[in-house]
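First comes the structure, then the notes that go with it.
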Amino acid sequence: MISIVDPIQPAWAHARRILFEPFSARKWFVLGFCVFLAQLGEGGSYNFNGNPFDRSARGSAPDLTPVTTWISAHLPLVITLGVLVFILILALVALFQWLGSRGDFMFLDGVARNEAGIVEPWTRFRELGNRLFRFRLMLLLATLALLIVCGGLGVLIALPDIHARAFGTAALTAVLACGGALLLGLLAIAAIGWLLRDFIVPIMYHRNLGTSEAWSVLRRELLPGNGWRFAGFYLMTFLLWIPAVLLILAGCCLTCCVAILPYLSAVAFLPIFVFFRCYSLGFLEQFGEDWRIIQAPQAQP
């Protein structure tokens, strides 16, 4: 019987064993660095504020004539700079994805073996990290293509209302059709990302497989008949993150936001990240002894 509750207590016990039995500042800082690397591969969030068609609460619009005139006069330069900035941003995102892919395996290895290292795991997981990076890069490009296609179609559909500076039938159709397609696409990509982090990476690590082979193992050996159990796992993960977020907010307040700085946040809240890594591994090992990734603690002499 696959349970979403049973792995919680063993996950916390292993996290406590790694971090507190005995306590080692070096292990905290090394594992925290691995968490920091892994988090570099995670995406951010976008905030959209306001209605672009609503001008009632903005007062008088600023005069943008000089700006538009300058842009029109230097259009090739503006386009060139825009393309260069876009390429630079894409290159930085790809770099973070590459570092994060290697960091995922380093952190997983440290949790599974109750060891902390940087140089040796960095070298050992070069091939697996590169395989994961290639898949993540394709996922990133798919996300970018989805945004461009849905955004472009939305603008084309809403073009009459954009010219009329009104929110009418065309704009509403664009929001419902393209916005709905974009939302569904982003949810699908997010689900792929969650499965990739929680299960594909452990499968790749445990069996030394590429991403395609790991997805095949997930579909063939784990998902059949257990789809609702995986959905329950993510529901429980969401519920467990609620007190975790409250603890993170409390820690940020107590440290005057110092604890949210890059890398320091990974060290300060390391027990939370180790616990959730252990929780996914504990859920996975319920599928059989062959899926036991966390090594049993060695008996004390």
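How things are named: the first chain in the structure tokens is A, the next is B, and so on; residues count from 1 in each chain; ligands count from 1 in the order shown.
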Quick one: contact table of region 228-255 of chain A to region 281-299 of chain A, 10 Å max, nearest atom pair and distance in Å to one decimal per residue, counting only C-alpha atoms, chain and number order, as a Markdown table?
```
| residue | atom | partner | partner_atom | distance |
| --- | --- | --- | --- | --- |
| A:Arg229 | CA | A:Phe283 | CA | 9.8 |
| A:Phe230 | CA | A:Phe283 | CA | 9.2 |
| A:Phe233 | CA | A:Phe283 | CA | 7.9 |
```
Taking all heavy atoms for each residue, export the selection above as a PDB file, in the first residue's frame.
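again.pdb written:
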```
ATOM      1  N   ARG A 229      -2.245   8.392  -6.324  1.00  0.00           N
ATOM      2  CA  ARG A 229      -1.297   8.437  -5.207  1.00  0.00           C
ATOM      3  C   ARG A 229      -0.235   9.513  -5.451  1.00  0.00           C
ATOM      4  O   ARG A 229       0.183  10.190  -4.513  1.00  0.00           O
ATOM      5  CB  ARG A 229      -0.660   7.070  -5.003  1.00  0.00           C
ATOM      6  CG  ARG A 229      -1.666   5.998  -4.546  1.00  0.00           C
ATOM      7  CD  ARG A 229      -0.978   4.678  -4.243  1.00  0.00           C
ATOM      8  NE  ARG A 229      -1.933   3.701  -3.719  1.00  0.00           N
ATOM      9  CZ  ARG A 229      -2.584   2.826  -4.451  1.00  0.00           C
ATOM     10  NH1 ARG A 229      -2.395   2.797  -5.760  1.00  0.00           N
ATOM     11  NH2 ARG A 229      -3.429   1.974  -3.908  1.00  0.00           N
ATOM     12  N   PHE A 230       0.199   9.661  -6.694  1.00  0.00           N
ATOM     13  CA  PHE A 230       1.132  10.729  -7.003  1.00  0.00           C
ATOM     14  C   PHE A 230       0.467  12.096  -6.840  1.00  0.00           C
ATOM     15  O   PHE A 230       1.092  13.045  -6.349  1.00  0.00           O
ATOM     16  CB  PHE A 230       1.680  10.569  -8.423  1.00  0.00           C
ATOM     17  CG  PHE A 230       2.809   9.593  -8.521  1.00  0.00           C
ATOM     18  CD1 PHE A 230       2.565   8.240  -8.710  1.00  0.00           C
ATOM     19  CD2 PHE A 230       4.123  10.019  -8.412  1.00  0.00           C
ATOM     20  CE1 PHE A 230       3.611   7.332  -8.791  1.00  0.00           C
ATOM     21  CE2 PHE A 230       5.179   9.126  -8.497  1.00  0.00           C
ATOM     22  CZ  PHE A 230       4.916   7.773  -8.690  1.00  0.00           C
ATOM     23  N   PHE A 233       0.459  12.744  -3.254  1.00  0.00           N
ATOM     24  CA  PHE A 233       1.793  13.146  -2.803  1.00  0.00           C
ATOM     25  C   PHE A 233       1.974  14.651  -2.957  1.00  0.00           C
ATOM     26  O   PHE A 233       2.490  15.323  -2.046  1.00  0.00           O
ATOM     27  CB  PHE A 233       2.855  12.385  -3.597  1.00  0.00           C
ATOM     28  CG  PHE A 233       4.246  12.941  -3.452  1.00  0.00           C
ATOM     29  CD1 PHE A 233       5.036  12.599  -2.376  1.00  0.00           C
ATOM     30  CD2 PHE A 233       4.754  13.829  -4.409  1.00  0.00           C
ATOM     31  CE1 PHE A 233       6.319  13.117  -2.243  1.00  0.00           C
ATOM     32  CE2 PHE A 233       6.035  14.354  -4.276  1.00  0.00           C
ATOM     33  CZ  PHE A 233       6.811  13.997  -3.193  1.00  0.00           C
TER      34      PHE A 233
END
```
Distance table requested - region 92-192 of chain A against region 203-227 of chain A, cut-off 12 Å, only C-alpha atoms: one row per qualifying residue with the closest atom pair and its distance in Å to one decimal, ordered by chain and rising residue number, as a Markdown table.
```
| residue | atom | partner | partner_atom | distance |
| --- | --- | --- | --- | --- |
| A:Ser101 | CA | A:Thr211 | CA | 11.8 |
| A:Arg102 | CA | A:Tyr205 | CA | 11.4 |
| A:Asp104 | CA | A:Tyr205 | CA | 9.9 |
| A:Phe105 | CA | A:Tyr205 | CA | 7.0 |
| A:Met106 | CA | A:Tyr205 | CA | 10.0 |
| A:Phe107 | CA | A:Tyr205 | CA | 11.1 |
| A:Leu108 | CA | A:Tyr205 | CA | 8.2 |
| A:Asp109 | CA | A:Tyr205 | CA | 8.1 |
| A:Gly110 | CA | A:Tyr205 | CA | 11.9 |
| A:Ala112 | CA | A:His206 | CA | 10.0 |
| A:Arg113 | CA | A:His206 | CA | 11.9 |
| A:Pro121 | CA | A:Tyr205 | CA | 11.9 |
| A:Arg124 | CA | A:Tyr205 | CA | 11.1 |
| A:Phe125 | CA | A:Tyr205 | CA | 8.8 |
| A:Arg126 | CA | A:Tyr205 | CA | 11.8 |
| A:Glu127 | CA | A:Gly210 | CA | 9.0 |
| A:Leu128 | CA | A:Gly210 | CA | 6.9 |
| A:Gly129 | CA | A:Gly210 | CA | 9.6 |
| A:Asn130 | CA | A:Gly210 | CA | 9.5 |
| A:Arg131 | CA | A:Gly210 | CA | 6.0 |
| A:Leu132 | CA | A:Thr211 | CA | 6.3 |
| A:Phe133 | CA | A:Thr211 | CA | 9.6 |
| A:Arg134 | CA | A:Thr211 | CA | 8.9 |
| A:Phe135 | CA | A:Thr211 | CA | 6.9 |
| A:Arg136 | CA | A:Thr211 | CA | 9.8 |
| A:Met138 | CA | A:Thr211 | CA | 11.7 |
| A:Ile192 | CA | A:Trp215 | CA | 10.2 |
```
Residues from the last selection, N, CA and C atoms, saved as a tab-separated table (two decimals), in the first residue's frame:
```tsv
chain	number	residue	atom	x	y	z
A	101	SER	N	21.28	21.80	-12.53
A	101	SER	CA	21.18	20.37	-12.85
A	101	SER	C	22.26	19.59	-12.14
A	102	ARG	N	23.47	20.11	-12.11
A	102	ARG	CA	24.55	19.44	-11.38
A	102	ARG	C	24.28	19.48	-9.87
A	104	ASP	N	21.43	19.48	-8.32
A	104	ASP	CA	20.37	18.54	-7.93
A	104	ASP	C	20.96	17.20	-7.54
A	105	PHE	N	21.87	16.70	-8.35
A	105	PHE	CA	22.47	15.39	-8.05
A	105	PHE	C	23.42	15.47	-6.86
A	106	MET	N	24.12	16.57	-6.70
A	106	MET	CA	25.01	16.72	-5.57
A	106	MET	C	24.23	16.72	-4.26
A	107	PHE	N	23.13	17.45	-4.24
A	107	PHE	CA	22.30	17.51	-3.02
A	107	PHE	C	21.66	16.16	-2.75
A	108	LEU	N	21.12	15.52	-3.79
A	108	LEU	CA	20.51	14.21	-3.62
A	108	LEU	C	21.52	13.19	-3.09
A	109	ASP	N	22.73	13.23	-3.62
A	109	ASP	CA	23.76	12.30	-3.18
A	109	ASP	C	24.13	12.54	-1.72
A	110	GLY	N	24.22	13.82	-1.32
A	110	GLY	CA	24.53	14.12	0.06
A	110	GLY	C	23.45	13.64	1.02
A	112	ALA	N	21.20	11.13	0.35
A	112	ALA	CA	21.09	9.68	0.30
A	112	ALA	C	22.23	8.99	1.05
A	113	ARG	N	23.43	9.53	0.98
A	113	ARG	CA	24.59	8.88	1.59
A	113	ARG	C	24.98	9.51	2.92
A	121	PRO	N	31.63	15.10	-5.89
A	121	PRO	CA	30.32	14.92	-6.53
A	121	PRO	C	30.16	15.76	-7.80
A	124	ARG	N	31.77	13.71	-10.40
A	124	ARG	CA	31.12	12.40	-10.60
A	124	ARG	C	29.79	12.52	-11.35
A	125	PHE	N	29.07	13.61	-11.12
A	125	PHE	CA	27.76	13.75	-11.74
A	125	PHE	C	27.77	14.63	-12.98
A	126	ARG	N	28.93	14.71	-13.62
A	126	ARG	CA	29.02	15.54	-14.83
A	126	ARG	C	28.08	15.03	-15.92
A	127	GLU	N	28.12	13.73	-16.19
A	127	GLU	CA	27.32	13.20	-17.28
A	127	GLU	C	25.82	13.27	-16.97
A	128	LEU	N	25.44	12.85	-15.77
A	128	LEU	CA	24.02	12.92	-15.40
A	128	LEU	C	23.53	14.36	-15.39
A	129	GLY	N	24.36	15.26	-14.87
A	129	GLY	CA	23.98	16.66	-14.84
A	129	GLY	C	23.79	17.23	-16.23
A	130	ASN	N	24.65	16.86	-17.16
A	130	ASN	CA	24.52	17.35	-18.53
A	130	ASN	C	23.26	16.79	-19.21
A	131	ARG	N	22.94	15.53	-18.91
A	131	ARG	CA	21.71	14.96	-19.46
A	131	ARG	C	20.48	15.69	-18.93
A	132	LEU	N	20.47	15.95	-17.65
A	132	LEU	CA	19.36	16.68	-17.06
A	132	LEU	C	19.29	18.10	-17.61
A	133	PHE	N	20.43	18.73	-17.79
A	133	PHE	CA	20.46	20.09	-18.33
A	133	PHE	C	19.88	20.14	-19.74
A	134	ARG	N	20.20	19.16	-20.57
A	134	ARG	CA	19.66	19.16	-21.93
A	134	ARG	C	18.14	19.06	-21.93
A	135	PHE	N	17.61	18.23	-21.03
A	135	PHE	CA	16.15	18.13	-20.95
A	135	PHE	C	15.54	19.44	-20.44
A	136	ARG	N	16.16	20.02	-19.42
A	136	ARG	CA	15.65	21.28	-18.89
A	136	ARG	C	15.74	22.40	-19.92
A	138	MET	N	15.44	22.01	-23.17
A	138	MET	CA	14.32	21.81	-24.08
A	138	MET	C	13.01	22.26	-23.44
A	192	ILE	N	5.47	18.69	-15.26
A	192	ILE	CA	6.67	18.00	-15.73
A	192	ILE	C	7.87	18.38	-14.86
```
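Atom pair CA of Gly185 (chain A) / CA of Arg197 (chain A): separated by 18.5 Å.
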(request) Quick one: pull the distance between CA of Cys278 (chain A) and CA of Ala15 (chain A), Å, one decimal. (result) 7.0 Å
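Using only C-alpha atoms for every distance, the candidate list A:Gly103, A:Gly251, A:Gly117, A:Gly152 yields A:Gly117 as the residue closest to Phe29 (chain A).
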(message) Rounded to one decimal, what separation in Å do you get between CA of Tyr263 (chain A) and CA of Phe20 (chain A)?
(response) 19.9 Å
(message) Quick one: residues within 10 Å of Ala190 (chain A), only C-alpha atoms, excluding same-chain residues fewer than 4 positions away - as a ChimeraX atom specification?
(response) /A:43,139,143,184-186,194-196
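Neighbouring residues of Ala268 (chain A) at 7 Å or closer, counting only C-alpha atoms and skipping chain neighbours under 3 positions away, are A:Ala259, A:Leu264, A:Ser265.
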Skipping near chain neighbours, those fewer than 6 positions away, what residues fall within 7 Å of Leu99 (chain A) using only C-alpha atoms, listed as a tab-separated table (two decimals) with N, CA and C atoms, in the first residue's frame?
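Ended up saving to out_8.tsv:
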```
chain	number	residue	atom	x	y	z
A	37	LEU	N	23.01	25.65	-5.37
A	37	LEU	CA	23.21	25.31	-6.78
A	37	LEU	C	21.92	24.76	-7.39
A	40	LEU	N	19.32	27.31	-8.30
A	40	LEU	CA	19.60	28.16	-9.45
A	40	LEU	C	18.83	27.71	-10.68
A	41	GLY	N	18.50	26.43	-10.73
A	41	GLY	CA	17.77	25.92	-11.88
A	41	GLY	C	16.28	26.09	-11.80
```
(request) Would you mind listing what lies within 12 Å of Leu146 (chain A) as a ChimeraX atom specification, with only C-alpha atoms counted and same-chain residues fewer than 3 positions away left out? (result) /A:139-143,149-154,178-189
Limited to N, CA, C and O atoms, could you put the picked residues into a file as an mmCIF file, in the first residue's frame?
```cif
data_model
loop_
_atom_site.group_PDB
_atom_site.id
_atom_site.type_symbol
_atom_site.label_atom_id
_atom_site.label_comp_id
_atom_site.auth_asym_id
_atom_site.auth_seq_id
_atom_site.Cartn_x
_atom_site.Cartn_y
_atom_site.Cartn_z
ATOM 1 N N LEU A 139 12.860 22.004 -22.142
ATOM 2 C CA LEU A 139 11.659 22.445 -21.443
ATOM 3 C C LEU A 139 11.580 23.971 -21.391
ATOM 4 O O LEU A 139 10.510 24.562 -21.537
ATOM 5 N N LEU A 140 12.736 24.614 -21.207
ATOM 6 C CA LEU A 140 12.785 26.071 -21.212
ATOM 7 C C LEU A 140 12.406 26.625 -22.575
ATOM 8 O O LEU A 140 11.630 27.588 -22.676
ATOM 9 N N LEU A 141 12.933 26.031 -23.638
ATOM 10 C CA LEU A 141 12.600 26.478 -24.990
ATOM 11 C C LEU A 141 11.121 26.240 -25.294
ATOM 12 O O LEU A 141 10.487 27.061 -25.979
ATOM 13 N N ALA A 142 10.578 25.132 -24.797
ATOM 14 C CA ALA A 142 9.148 24.877 -24.993
ATOM 15 C C ALA A 142 8.304 25.932 -24.278
ATOM 16 O O ALA A 142 7.282 26.391 -24.804
ATOM 17 N N THR A 143 8.727 26.316 -23.076
ATOM 18 C CA THR A 143 8.026 27.368 -22.350
ATOM 19 C C THR A 143 8.077 28.690 -23.105
ATOM 20 O O THR A 143 7.078 29.406 -23.223
ATOM 21 N N VAL A 149 3.902 31.989 -28.830
ATOM 22 C CA VAL A 149 2.748 31.623 -29.651
ATOM 23 C C VAL A 149 1.456 32.162 -29.043
ATOM 24 O O VAL A 149 0.651 32.810 -29.731
ATOM 25 N N CYS A 150 1.241 31.901 -27.752
ATOM 26 C CA CYS A 150 0.006 32.372 -27.115
ATOM 27 C C CYS A 150 -0.045 33.892 -27.068
ATOM 28 O O CYS A 150 -1.093 34.501 -27.306
ATOM 29 N N GLY A 151 1.103 34.527 -26.768
ATOM 30 C CA GLY A 151 1.124 35.986 -26.742
ATOM 31 C C GLY A 151 0.892 36.588 -28.107
ATOM 32 O O GLY A 151 0.132 37.554 -28.259
ATOM 33 N N GLY A 152 1.534 36.026 -29.144
ATOM 34 C CA GLY A 152 1.341 36.541 -30.493
ATOM 35 C C GLY A 152 -0.078 36.373 -30.986
ATOM 36 O O GLY A 152 -0.668 37.311 -31.559
ATOM 37 N N LEU A 153 -0.653 35.179 -30.763
ATOM 38 C CA LEU A 153 -2.043 34.970 -31.171
ATOM 39 C C LEU A 153 -2.988 35.880 -30.405
ATOM 40 O O LEU A 153 -3.958 36.412 -30.971
ATOM 41 N N GLY A 154 -2.704 36.080 -29.112
ATOM 42 C CA GLY A 154 -3.554 36.964 -28.319
ATOM 43 C C GLY A 154 -3.531 38.385 -28.836
ATOM 44 O O GLY A 154 -4.578 39.045 -28.920
ATOM 45 N N CYS A 178 -6.493 32.450 -25.691
ATOM 46 C CA CYS A 178 -5.033 32.358 -25.568
ATOM 47 C C CYS A 178 -4.593 32.296 -24.117
ATOM 48 O O CYS A 178 -3.641 31.585 -23.780
ATOM 49 N N GLY A 179 -5.285 33.051 -23.246
ATOM 50 C CA GLY A 179 -4.951 32.982 -21.826
ATOM 51 C C GLY A 179 -5.226 31.607 -21.249
ATOM 52 O O GLY A 179 -4.428 31.080 -20.466
ATOM 53 N N GLY A 180 -6.345 31.002 -21.644
ATOM 54 C CA GLY A 180 -6.645 29.653 -21.169
ATOM 55 C C GLY A 180 -5.650 28.632 -21.677
ATOM 56 O O GLY A 180 -5.198 27.761 -20.924
ATOM 57 N N ALA A 181 -5.277 28.737 -22.965
ATOM 58 C CA ALA A 181 -4.282 27.810 -23.520
ATOM 59 C C ALA A 181 -2.935 27.996 -22.831
ATOM 60 O O ALA A 181 -2.230 27.014 -22.542
ATOM 61 N N LEU A 182 -2.570 29.253 -22.572
ATOM 62 C CA LEU A 182 -1.305 29.520 -21.887
ATOM 63 C C LEU A 182 -1.310 28.939 -20.480
ATOM 64 O O LEU A 182 -0.324 28.332 -20.043
ATOM 65 N N LEU A 183 -2.416 29.102 -19.765
ATOM 66 C CA LEU A 183 -2.512 28.576 -18.409
ATOM 67 C C LEU A 183 -2.393 27.060 -18.390
ATOM 68 O O LEU A 183 -1.648 26.488 -17.583
ATOM 69 N N LEU A 184 -3.102 26.391 -19.298
ATOM 70 C CA LEU A 184 -3.037 24.928 -19.352
ATOM 71 C C LEU A 184 -1.632 24.464 -19.716
ATOM 72 O O LEU A 184 -1.118 23.492 -19.151
ATOM 73 N N GLY A 185 -1.003 25.168 -20.666
ATOM 74 C CA GLY A 185 0.348 24.799 -21.050
ATOM 75 C C GLY A 185 1.344 24.972 -19.927
ATOM 76 O O GLY A 185 2.207 24.115 -19.700
ATOM 77 N N LEU A 186 1.231 26.095 -19.192
ATOM 78 C CA LEU A 186 2.145 26.328 -18.077
ATOM 79 C C LEU A 186 1.928 25.324 -16.952
ATOM 80 O O LEU A 186 2.889 24.898 -16.288
ATOM 81 N N LEU A 187 0.659 24.929 -16.725
ATOM 82 C CA LEU A 187 0.386 23.904 -15.708
ATOM 83 C C LEU A 187 1.013 22.566 -16.103
ATOM 84 O O LEU A 187 1.576 21.861 -15.252
ATOM 85 N N ALA A 188 0.924 22.224 -17.387
ATOM 86 C CA ALA A 188 1.536 20.973 -17.850
ATOM 87 C C ALA A 188 3.051 21.024 -17.697
ATOM 88 O O ALA A 188 3.679 20.051 -17.248
ATOM 89 N N ILE A 189 3.659 22.155 -18.049
ATOM 90 C CA ILE A 189 5.107 22.291 -17.914
ATOM 91 C C ILE A 189 5.512 22.259 -16.444
ATOM 92 O O ILE A 189 6.533 21.666 -16.069
#
```
(message) Which residues are close to Arg26 (chain A), i.e. within 10 Å by only C-alpha atoms, leaving aside same-chain residues fewer than 5 positions away? Reply as a ChimeraX atom specification.
(response) /A:31-32,116-117
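Of the listed residues (A:Val274, A:Ala191, A:Val267, A:Ala177), A:Ala191 comes nearest to Tyr234 (chain A); the distances count only C-alpha atoms.
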(request) Rank A:Asn114, A:Gly168, A:Ile260, A:Ile272 by their smallest atom-to-atom distance to Ile18 (chain A), using only C-alpha atoms, and report the top residue only. (result) A:Asn114
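Counting only C-alpha atoms, the residue from A:Leu137, A:Leu176, A:Ala158, A:Leu261 that sits nearest to Val93 (chain A) is A:Leu137.
Nearest residue to Asp6 (chain A), choosing from A:Phe86, A:Met236, A:Val245, A:Leu75 and counting only C-alpha atoms: A:Met236.
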